[in-house]
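Q: This one is data22.txt, compact mmCIF, C-alpha atoms.
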```
# COMPACT_ATOMS: atom_id res chain seq x y z
CA MET A 1 7.80 15.86 -37.00
CA ILE A 2 5.54 18.67 -38.20
CA SER A 3 1.94 18.33 -37.08
CA GLU A 4 -0.90 18.75 -39.51
CA LEU A 5 -2.49 20.95 -36.83
CA LYS A 6 0.18 23.63 -37.37
CA LYS A 7 -1.45 24.48 -40.69
CA TYR A 8 -4.55 25.57 -38.75
CA PHE A 9 -2.83 26.89 -35.63
CA PRO A 10 0.46 28.49 -36.69
CA MET A 11 1.36 29.44 -33.11
CA ILE A 12 2.20 25.76 -32.42
CA ARG A 13 5.92 25.48 -31.72
CA ASN A 14 8.32 22.71 -32.68
CA ARG A 15 10.07 20.37 -30.26
CA GLU A 16 13.35 22.29 -30.24
CA GLU A 17 11.66 25.57 -29.32
CA VAL A 18 9.80 24.02 -26.39
CA LEU A 19 12.87 22.21 -25.09
CA GLU A 20 14.97 25.34 -25.38
CA GLU A 21 12.61 27.27 -23.14
CA ILE A 22 12.53 24.42 -20.62
CA ASN A 23 16.31 24.05 -20.55
CA ASN A 24 16.78 27.79 -20.04
CA SER A 25 14.85 27.65 -16.74
CA VAL A 26 16.14 25.75 -13.71
CA LEU A 27 12.59 25.52 -12.34
CA LEU A 28 11.12 24.12 -15.56
CA SER A 29 14.00 21.76 -16.30
CA ASP A 30 13.82 20.30 -12.77
CA GLN A 31 10.09 19.77 -13.17
CA TYR A 32 10.53 18.25 -16.64
CA ASN A 33 13.33 15.92 -15.53
CA ASN A 34 11.18 14.59 -12.69
CA TRP A 35 8.75 13.17 -15.23
CA SER A 36 9.17 9.73 -16.76
CA THR A 37 10.36 9.51 -20.36
CA ASP A 38 6.85 8.63 -21.49
CA ARG A 39 5.38 11.67 -19.72
CA GLN A 40 8.06 13.94 -21.18
CA GLN A 41 7.20 12.67 -24.64
CA GLU A 42 3.47 13.11 -24.04
CA PHE A 43 3.99 16.70 -22.92
CA LEU A 44 6.14 17.56 -25.96
CA ASP A 45 3.66 15.87 -28.31
CA ILE A 46 0.82 17.97 -26.86
CA CYS A 47 2.70 21.27 -27.07
CA THR A 48 3.94 20.59 -30.62
CA GLY A 49 0.61 19.34 -31.97
CA VAL A 50 1.90 15.83 -32.67
CA ARG A 51 -1.10 14.74 -30.63
CA GLY A 52 -4.11 16.71 -29.52
CA ILE A 53 -4.61 18.00 -26.00
CA LYS A 54 -6.63 15.74 -23.73
CA ILE A 55 -9.64 17.99 -23.32
CA LEU A 56 -10.93 16.09 -20.32
CA TYR A 57 -7.87 16.83 -18.24
CA ASP A 58 -9.39 18.88 -15.44
CA SER A 59 -7.14 21.93 -15.79
CA PHE A 60 -7.39 22.11 -19.58
CA PHE A 61 -11.16 21.61 -19.63
CA LYS A 62 -11.80 24.28 -17.02
CA GLU A 63 -9.46 26.66 -18.83
CA ILE A 64 -11.15 26.22 -22.20
CA MET A 65 -14.74 25.60 -21.08
CA ASN A 66 -14.81 28.02 -18.15
CA PRO A 67 -18.45 29.20 -17.94
CA GLU A 68 -17.33 32.52 -16.48
CA TYR A 69 -14.95 33.17 -19.37
CA ALA A 70 -16.93 31.70 -22.28
CA PRO A 71 -20.42 30.67 -21.07
CA GLU A 72 -21.66 30.06 -24.62
CA ARG A 73 -19.41 27.01 -24.87
CA MET A 74 -20.81 25.27 -21.81
CA ASN A 75 -24.32 26.41 -22.76
CA ASP A 76 -23.93 24.75 -26.14
CA MET A 77 -22.47 21.53 -24.73
CA LEU A 78 -25.11 21.17 -22.01
CA SER A 79 -27.90 21.93 -24.48
CA ILE A 80 -26.71 19.07 -26.67
CA PHE A 81 -26.42 16.48 -23.90
CA LEU A 82 -29.57 17.54 -22.03
CA ASN A 83 -31.62 17.70 -25.24
CA LYS A 84 -32.94 21.18 -24.43
CA LYS A 85 -31.80 24.77 -24.74
CA VAL A 86 -30.06 25.86 -21.55
CA LYS A 87 -28.32 28.97 -20.30
CA ILE A 88 -25.94 29.08 -17.35
CA LYS A 89 -26.87 31.55 -14.62
CA GLU A 90 -23.85 31.05 -12.36
CA VAL A 91 -21.04 28.66 -11.45
CA LEU A 92 -21.47 27.06 -8.02
CA PRO A 93 -18.59 26.15 -5.68
CA VAL A 94 -17.72 22.46 -5.52
CA ASP A 95 -16.98 22.38 -1.76
CA SER A 96 -20.26 20.65 -1.07
CA THR A 97 -21.54 18.19 1.51
CA ARG A 98 -20.05 15.30 -0.44
CA LEU A 99 -18.76 12.89 2.13
CA GLY A 100 -15.11 12.09 2.66
CA ASP A 101 -12.97 11.42 -0.39
CA GLU A 102 -15.86 10.75 -2.75
CA ARG A 103 -14.03 12.62 -5.50
CA ASN A 104 -11.44 9.88 -5.93
CA LEU A 105 -11.34 8.66 -9.51
CA ILE A 106 -13.18 11.79 -10.56
CA MET A 107 -10.79 14.04 -12.48
CA MET A 108 -13.05 16.99 -13.10
CA ASP A 109 -16.31 18.39 -11.90
CA ILE A 110 -18.11 21.61 -12.70
CA VAL A 111 -21.38 22.55 -11.02
CA VAL A 112 -23.55 25.23 -12.59
CA GLU A 113 -26.97 26.67 -11.95
CA LEU A 114 -29.05 27.12 -15.08
CA GLU A 115 -31.38 30.02 -15.81
CA ASP A 116 -34.47 27.91 -15.04
CA GLY A 117 -33.13 27.17 -11.53
CA SER A 118 -31.98 23.63 -12.26
CA ILE A 119 -28.46 22.43 -11.47
CA ALA A 120 -26.06 20.55 -13.73
CA ASP A 121 -23.15 18.61 -12.25
CA VAL A 122 -20.59 17.69 -14.93
CA GLU A 123 -18.20 14.90 -13.91
CA VAL A 124 -15.43 13.02 -15.69
CA GLN A 125 -14.32 9.53 -14.77
CA LYS A 126 -10.84 8.74 -16.01
CA ILE A 127 -10.29 5.13 -14.95
CA GLY A 128 -12.37 2.10 -15.82
CA TYR A 129 -13.80 1.42 -12.40
CA ALA A 130 -16.88 0.02 -10.73
CA PHE A 131 -19.03 3.15 -10.77
CA PRO A 132 -22.29 1.90 -9.29
CA GLY A 133 -25.67 3.55 -9.48
CA GLN A 134 -25.50 4.07 -5.73
CA ARG A 135 -22.57 6.48 -6.15
CA MET A 136 -24.32 8.43 -8.90
CA ALA A 137 -27.41 8.65 -6.73
CA CYS A 138 -25.31 10.04 -3.87
CA TYR A 139 -23.78 12.69 -6.16
CA SER A 140 -27.23 13.68 -7.36
CA ALA A 141 -28.64 13.72 -3.83
CA ASP A 142 -25.71 15.90 -2.76
CA MET A 143 -26.55 18.48 -5.42
CA LEU A 144 -30.24 18.35 -4.53
CA LEU A 145 -29.48 18.92 -0.85
CA ARG A 146 -27.22 21.85 -1.68
CA GLN A 147 -29.99 23.47 -3.71
CA TYR A 148 -32.58 22.85 -1.00
CA LYS A 149 -30.39 24.41 1.72
CA ARG A 150 -29.49 27.40 -0.43
CA LEU A 151 -33.11 28.15 -1.37
CA ARG A 152 -34.40 27.56 2.15
CA ASP A 153 -31.81 29.91 3.65
CA SER A 154 -32.36 32.65 1.06
CA LYS A 155 -36.18 32.51 0.89
CA LYS A 156 -36.78 31.62 4.55
CA LYS A 157 -40.56 31.63 5.22
CA LYS A 158 -41.30 32.14 1.53
CA PHE A 159 -39.56 28.89 0.67
CA SER A 160 -41.58 26.23 -1.15
CA TYR A 161 -40.47 22.83 -2.40
CA LYS A 162 -41.81 23.92 -5.77
CA ASP A 163 -38.89 26.36 -5.91
CA ILE A 164 -36.43 23.48 -6.25
CA GLY A 165 -35.27 22.85 -9.80
CA LYS A 166 -34.08 19.67 -11.46
CA VAL A 167 -30.63 18.24 -10.81
CA TYR A 168 -28.79 16.83 -13.81
CA THR A 169 -25.81 14.55 -13.21
CA ILE A 170 -23.73 14.28 -16.39
CA ILE A 171 -20.84 11.82 -16.30
CA PHE A 172 -18.30 11.37 -19.09
CA PHE A 173 -16.48 8.04 -19.08
CA GLU A 174 -13.13 7.82 -20.85
CA LYS A 175 -13.21 4.09 -20.11
CA SER A 176 -16.62 2.70 -19.38
CA PRO A 177 -17.09 0.46 -16.32
CA ALA A 178 -18.20 -3.11 -16.86
CA GLU A 179 -21.93 -2.49 -16.36
CA ILE A 180 -21.97 0.16 -19.10
CA ALA A 181 -19.43 -1.51 -21.39
CA GLU A 182 -21.89 -4.38 -21.87
CA TYR A 183 -23.95 -1.98 -24.00
CA ASP A 184 -21.28 -1.78 -26.68
CA ASP A 185 -23.66 -0.36 -29.29
CA VAL A 186 -24.86 2.57 -27.14
CA TYR A 187 -22.76 5.53 -26.03
CA ILE A 188 -25.32 7.75 -24.27
CA HIS A 189 -27.69 6.62 -21.52
CA ARG A 190 -30.30 9.04 -20.20
CA GLY A 191 -32.34 8.15 -17.14
CA LYS A 192 -34.77 9.48 -14.55
CA GLN A 193 -37.13 8.17 -11.88
CA ALA A 194 -40.53 6.93 -13.03
CA PHE A 195 -43.57 5.07 -11.68
CA ASP A 196 -44.71 1.77 -13.18
CA THR A 197 -48.32 3.03 -13.36
CA GLY A 198 -47.51 5.98 -15.58
CA LEU A 199 -48.14 8.43 -12.73
CA GLU A 200 -46.34 11.67 -13.55
CA LEU A 201 -44.76 13.67 -10.74
CA ASN A 202 -42.08 16.31 -11.05
CA LEU A 203 -39.26 14.18 -9.62
CA LEU A 204 -36.07 16.16 -9.81
CA GLN A 205 -33.11 13.86 -10.46
CA GLU A 206 -31.97 12.99 -13.98
CA TYR A 207 -28.81 11.37 -15.32
CA VAL A 208 -26.81 11.43 -18.54
CA LEU A 209 -24.02 8.85 -18.89
CA VAL A 210 -21.68 9.32 -21.85
CA SER A 211 -19.27 6.55 -22.93
CA LEU A 212 -16.56 8.25 -25.01
CA ASP A 213 -14.64 5.00 -25.53
CA ILE A 214 -17.69 3.27 -27.00
CA PHE A 215 -18.41 6.29 -29.21
CA LYS A 216 -14.86 6.16 -30.59
CA GLU A 217 -15.17 2.42 -31.22
CA ILE A 218 -18.49 2.78 -33.04
CA LYS A 219 -17.66 5.93 -35.01
CA GLN A 220 -13.97 5.39 -35.77
CA ASN A 221 -12.93 7.03 -39.05
CA GLU A 222 -16.53 7.91 -39.91
CA SER A 223 -17.72 11.38 -40.82
CA ILE A 224 -19.06 13.75 -38.16
CA ASN A 225 -22.76 13.99 -38.93
CA ASN A 226 -24.25 16.27 -36.27
CA LYS A 227 -23.52 18.54 -33.33
CA LEU A 228 -23.71 15.70 -30.81
CA GLU A 229 -21.04 13.74 -32.65
CA ALA A 230 -18.97 16.92 -32.93
CA TRP A 231 -18.98 17.43 -29.16
CA LEU A 232 -18.24 13.75 -28.53
CA THR A 233 -15.29 13.97 -30.91
CA PHE A 234 -14.04 17.15 -29.27
CA LEU A 235 -14.23 15.60 -25.79
CA GLY A 236 -12.94 12.16 -26.67
CA THR A 237 -10.13 12.43 -29.21
CA ASP A 238 -6.52 13.57 -29.22
CA SER A 239 -5.94 12.40 -32.80
CA PRO A 240 -4.75 15.31 -35.02
CA GLU A 241 -6.48 13.73 -38.03
CA LEU A 242 -9.84 13.64 -36.24
CA ILE A 243 -9.34 17.15 -34.88
CA VAL A 244 -8.77 18.41 -38.43
CA LYS A 245 -11.90 16.57 -39.54
CA LEU A 246 -13.83 18.15 -36.66
CA ILE A 247 -12.78 21.76 -37.26
CA SER A 248 -13.26 21.35 -41.01
CA SER A 249 -16.90 20.30 -40.60
CA ASN A 250 -17.59 22.34 -37.44
CA PRO A 251 -15.49 25.53 -37.54
CA GLU A 252 -17.09 26.77 -34.30
CA PHE A 253 -14.59 24.51 -32.49
CA VAL A 254 -11.61 26.38 -33.96
CA PRO A 255 -11.62 29.06 -31.20
CA LEU A 256 -11.52 26.34 -28.53
CA TYR A 257 -8.43 24.71 -30.00
CA ASN A 258 -6.96 28.13 -30.70
CA ASP A 259 -7.24 28.97 -26.98
CA MET A 260 -5.59 25.68 -26.07
CA TYR A 261 -2.58 26.25 -28.31
CA GLU A 262 -2.29 29.84 -27.13
CA LEU A 263 -2.20 28.38 -23.63
CA CYS A 264 0.62 26.05 -24.66
CA LEU A 265 2.79 29.12 -25.37
CA ASN A 266 2.85 29.70 -21.60
CA THR A 267 5.21 26.80 -20.84
CA GLU A 268 5.37 27.35 -17.10
CA LYS A 269 1.59 27.42 -16.71
CA VAL A 270 0.90 24.45 -18.94
CA MET A 271 3.65 22.40 -17.25
CA GLY A 272 2.05 23.16 -13.90
CA MET A 273 -1.34 22.05 -15.22
CA PHE A 274 0.17 18.90 -16.73
CA SER A 275 1.98 18.06 -13.47
CA LYS A 276 -1.28 18.46 -11.56
CA GLU A 277 -3.02 16.03 -13.90
CA LEU A 278 -0.20 13.49 -13.55
CA ALA A 279 -0.31 13.72 -9.76
CA GLU A 280 -4.08 13.26 -9.79
CA LEU A 281 -3.81 10.29 -12.14
CA ASP A 282 -1.18 8.68 -9.91
CA ARG A 283 -3.31 9.23 -6.82
CA ASN A 284 -6.38 7.87 -8.55
CA THR A 285 -4.47 4.84 -9.80
CA VAL A 286 -3.38 4.07 -6.24
CA ASP A 287 -6.96 4.56 -4.98
CA TYR A 288 -8.20 2.32 -7.75
CA MET A 289 -5.67 -0.40 -6.95
CA VAL A 290 -6.49 -0.23 -3.25
CA ASP A 291 -10.20 -0.49 -4.01
CA GLN A 292 -9.55 -3.39 -6.40
CA MET A 293 -7.47 -5.19 -3.78
CA GLN A 294 -10.13 -4.58 -1.16
CA GLN A 295 -12.75 -5.91 -3.56
CA GLU A 296 -10.64 -9.03 -4.15
CA ILE A 297 -10.17 -9.47 -0.39
CA ASP A 298 -13.92 -9.08 0.16
CA GLU A 299 -14.64 -11.59 -2.62
CA GLN A 300 -12.12 -14.06 -1.19
CA LYS A 301 -13.63 -13.58 2.26
CA ASP A 302 -17.07 -14.32 0.80
CA VAL A 303 -15.70 -17.50 -0.80
CA ILE A 304 -14.05 -18.54 2.47
CA ASP A 305 -17.28 -17.84 4.36
CA GLU A 306 -19.22 -19.93 1.83
CA GLN A 307 -16.69 -22.75 2.20
CA LYS A 308 -16.98 -22.52 5.98
CA ASP A 309 -20.77 -22.75 5.65
CA ILE A 310 -20.42 -25.82 3.41
CA ILE A 311 -18.01 -27.44 5.87
CA SER A 312 -20.34 -26.61 8.75
CA GLU A 313 -23.24 -28.17 6.84
CA LYS A 314 -21.15 -31.29 6.18
CA ASP A 315 -20.13 -31.40 9.84
CA ARG A 316 -23.78 -31.14 10.88
CA ALA A 317 -24.68 -33.90 8.42
CA LEU A 318 -21.88 -36.11 9.77
CA ASP A 319 -23.01 -35.39 13.33
CA GLU A 320 -26.54 -36.43 12.39
CA LYS A 321 -25.21 -39.61 10.78
CA ASP A 322 -23.13 -40.31 13.87
CA ARG A 323 -26.19 -39.82 16.06
CA ALA A 324 -28.20 -42.09 13.79
CA LEU A 325 -25.48 -44.74 13.93
CA ASP A 326 -25.33 -44.41 17.71
CA GLU A 327 -29.09 -44.93 17.88
CA LYS A 328 -28.82 -47.97 15.62
CA ASP A 329 -26.00 -49.32 17.76
CA LYS A 330 -28.13 -48.83 20.87
CA ALA A 331 -31.05 -50.55 19.17
CA LEU A 332 -28.81 -53.47 18.14
CA ASP A 333 -27.40 -53.69 21.66
CA GLU A 334 -30.95 -53.79 23.05
CA LYS A 335 -31.87 -56.54 20.57
CA ASP A 336 -28.69 -58.48 21.47
CA ASN A 337 -29.61 -58.16 25.14
CA ILE A 338 -33.13 -59.43 24.43
CA ILE A 339 -31.74 -62.34 22.39
CA ASP A 340 -29.28 -63.20 25.17
CA GLU A 341 -32.11 -63.14 27.72
CA LEU A 342 -34.22 -65.42 25.52
CA ARG A 343 -31.32 -67.82 25.04
CA ASN A 344 -30.72 -67.93 28.77
CA ARG A 345 -34.43 -68.56 29.37
CA ILE A 346 -34.41 -71.39 26.82
CA LEU A 347 -31.37 -72.94 28.50
CA GLU A 348 -33.04 -72.71 31.89
CA LEU A 349 -36.16 -74.41 30.52
CA GLU A 350 -34.15 -77.13 28.85
CA ASN A 351 -32.19 -77.79 32.03
CA GLY A 352 -35.39 -77.90 34.05
CA ASN A 353 -36.93 -80.59 31.84
CA ARG A 354 -33.99 -83.02 32.23
```
Go ahead and render the structure in this file as C-alpha cells.
A:
Amino acid sequence: MISELKKYFPMIRNREEVLEEINNSVLLSDQYNNWSTDRQQEFLDICTGVRGIKILYDSFFKEIMNPEYAPERMNDMLSIFLNKKVKIKEVLPVDSTRLGDERNLIMMDIVVELEDGSIADVEVQKIGYAFPGQRMACYSADMLLRQYKRLRDSKKKKFSYKDIGKVYTIIFFEKSPAEIAEYDDVYIHRGKQAFDTGLELNLLQEYVLVSLDIFKEIKQNESINNKLEAWLTFLGTDSPELIVKLISSNPEFVPLYNDMYELCLNTEKVMGMFSKELAELDRNTVDYMVDQMQQEIDEQKDVIDEQKDIISEKDRALDEKDRALDEKDKALDEKDNIIDELRNRILELENGNR
C-alpha cells in the first residue's frame, strides 16, 4: 500500500525496505519480534506513511518540537493556545518537587520559561482518566514553587514577590475525562482565579485544557479555517488524508512532518522511541487499572458503610420499639396488679357482709 504522504515526503520507505533493515539486524529483529502483531503493524504503518505519526508520543513530540532545536515551533504553538505572543527564554528541567509518582498517566511534559518570566508547563494525558482539578492545581503549585525558590536563591535580598511571573498549565487530552467530556461542544477551556466582587489582583496561576478528541468529533472532515485549528489537527490526527489537508492549507507544518519522516529513516532510533512509548503506555494502563480498581473498592466500601449505617439505624429503631413495648408491658402488668388488688378487695368486702 502506497501512502498518499509519499507524494509530499519522498523519503518515506515501503514496507519491504523497513522489514529488510530490521531482519538484517539481530538486535532490531529481536526487538521487533517482542512486539505484538498489532504493535508491529502500527510501527510499519507509521514508518511507511500508511498512518501518520502520533505527534503526542513523548519521544516524537520532544524530537520535533524541541525548544532548543527549533524554538519557533513551540513559540508559535504556545502563542496560539495562550492567546498572546510568547517567546521561550529557556527549557527548565522536569525533576521538580512533584511528589511521588505524580507523572503516572502523563506521557509527556515540557517546562519552559518565557521571555516575560512566566512559566509554561505543557502536559499530555493519554488515557481517559479521572483528572481532577486538585491534581491540576498541584501541578501548577509545583511550578510556582519552583519559580519562587529559583528567584529567591538567585536574587537573595533583592528578591520580591513581584518578580514571580505567571504559571501556565497546558494539558492536552487525547481522551477527555468524564468531567470535561460532558462539554461535548467545547474543546478548549481556559481558566484562572478570580474574585466574585470584580477585585483584580495579579494572581499567577492559569490553565488551558485542550480536548483533542472533542475537536476531532466536532471538526471531522471539515476544512481547517485558522491557525488554532491547524495546531489542533497537527497534534490530534494520524490520518494521512487530514495531514495532506493540513500541509496543503498550512505549508509551515511541512518541515515538522519532514523532520519526522527523516527520523523514521533511522530505524534503530525510532524503534527505541516506539518501544519506550509502548512501555510507558503499558505502565500507565496498569496504573490506570489499579486506580480504577481502588476507586471501585472505595465506592463499594462507601456503599457497605452506608448499608451498615442503615442497619444500625434500624437496629436502634428496633431497640427503641423493644424498650417502648417493655414499658407498655410493665404498665399493663402494673394495671393487672391494680385490678387484681381491687378484685381481692371486693371479694373481701363481699365476704365480710355475709
Q: What's the 9 Å shell around range 217-225 of chain A, counting all atoms listed in the file, without same-chain residues fewer than 5 positions away, as a list in words?
A: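 Residues near the query, excluding close chain neighbours: Asp184, Asp185, Val186, Tyr187, Leu212, Ala230, Thr233, Leu242, Lys245, Leu246, Ser249 and Asn250 of chain A.
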Q: Adding 6 Å on each side of the box along x, y and z that holds all listed atoms of range 141-155 of chain A, could you give its centre and edge lengths in Å to one decimal, as lines of an AutoDock Vina configuration file?
A:
```
center_x = -30.9
center_y = 23.2
center_z = -0.9
size_x = 22.5
size_y = 30.9
size_z = 21.1
```
Q: Counting only C-alpha atoms, figure out which residue out of A:Ser59, A:Asn14, A:Ser239, A:Thr169 gets nearest to Tyr139 in chain A.
A: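 The shortest atom-to-atom distance to Tyr139 in chain A comes from A:Thr169.
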Q: Quick one: pull the distance between CA of Pro93 in chain A and CA of Phe234 in chain A, Å, one decimal.
A: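 Computed distance, CA of Pro93 in chain A to CA of Phe234 in chain A, equals 25.7 Å.
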Q: If we count only C-alpha atoms and set the cut-off at 6 Å, which residues sit around Val208 in chain A, ignoring sequence neighbours fewer than 4 positions away in its own chain? Please answer as a list in words.
A: Ile170, His189 and Arg190 of chain A
Q: Could you check which of A:Asp315, A:Asp58, A:Asp238, A:Glu182 is closest to Ile46 in chain A, using only C-alpha atoms?
A: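 Looking only at the distances to Ile46 in chain A, the closest residue turns out to be A:Asp238.
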Q: Quick one, how far is CA of Leu204 in chain A from CA of Ser79 in chain A?
A: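 Distance between the two atoms: 17.8 Å.
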Q: Between range 20-94 of chain A and range 121-125 of chain A, at 10 Å or less, what are the per-residue closest atom pairs and their distances in Å? Count only C-alpha atoms, order by chain and rising residue number, and return it as CSV.
A:
```
residue,atom,partner,partner_atom,distance
A:Leu56,CA,A:Val124,CA,7.1
A:Tyr57,CA,A:Val124,CA,8.8
A:Asp58,CA,A:Val124,CA,8.4
A:Leu78,CA,A:Val122,CA,9.1
A:Leu92,CA,A:Asp121,CA,9.6
A:Val94,CA,A:Asp121,CA,9.5
```
Q: When distances are computed from all atoms listed in the file, which of A:Leu228, A:Ala141, A:Phe253, A:Tyr161 shows the smallest separation from Glu72 in chain A?
A: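 Between A:Leu228, A:Ala141, A:Phe253, A:Tyr161, the residue approaching Glu72 in chain A most closely is A:Phe253.
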Q: What does the structure give for the distance between CA of Ala120 in chain A and CA of Gln147 in chain A, in Å to one decimal?
A: 11.2 Å
Q: Residues near range 20-36 of chain A, anyone? I mean within 9 Å using all atoms listed in the file, not counting same-chain ones fewer than 6 positions away, as a ChimeraX atom specification.
A: /A:267-268,271-272,275
Q: Could you save those same residues with C-alpha atoms as an mmCIF file, keeping the file's coordinate frame?
A:
```
data_model
loop_
_atom_site.group_PDB
_atom_site.id
_atom_site.type_symbol
_atom_site.label_atom_id
_atom_site.label_comp_id
_atom_site.auth_asym_id
_atom_site.auth_seq_id
_atom_site.Cartn_x
_atom_site.Cartn_y
_atom_site.Cartn_z
ATOM 1 C CA THR A 267 5.210 26.800 -20.840
ATOM 2 C CA GLU A 268 5.370 27.350 -17.100
ATOM 3 C CA MET A 271 3.650 22.400 -17.250
ATOM 4 C CA GLY A 272 2.050 23.160 -13.900
ATOM 5 C CA SER A 275 1.980 18.060 -13.470
#
```
Q: Which one is closest to Lys62 in chain A: A:Asp38, A:Lys192, A:Leu256, A:Leu151? Count all atoms listed in the file.
A: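 Selected residue with least distance to Lys62 in chain A: A:Leu256.
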Q: For each of A:Ala194, A:Ile12, A:Leu145, A:Ile180, take the minimum atom-to-atom distance to Gly49 in chain A, counting all atoms listed in the file, then give the residue where this is smallest.
A: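 Ranking A:Ala194, A:Ile12, A:Leu145, A:Ile180 by distance to Gly49 in chain A, first place goes to A:Ile12.
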Q: Tell me which of A:Ser3, A:Val50, A:Lys158, A:Ile64 sits closest to Leu263 in chain A, counting only C-alpha atoms.
A: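 Smallest distance to Leu263 in chain A is found for A:Ile64.
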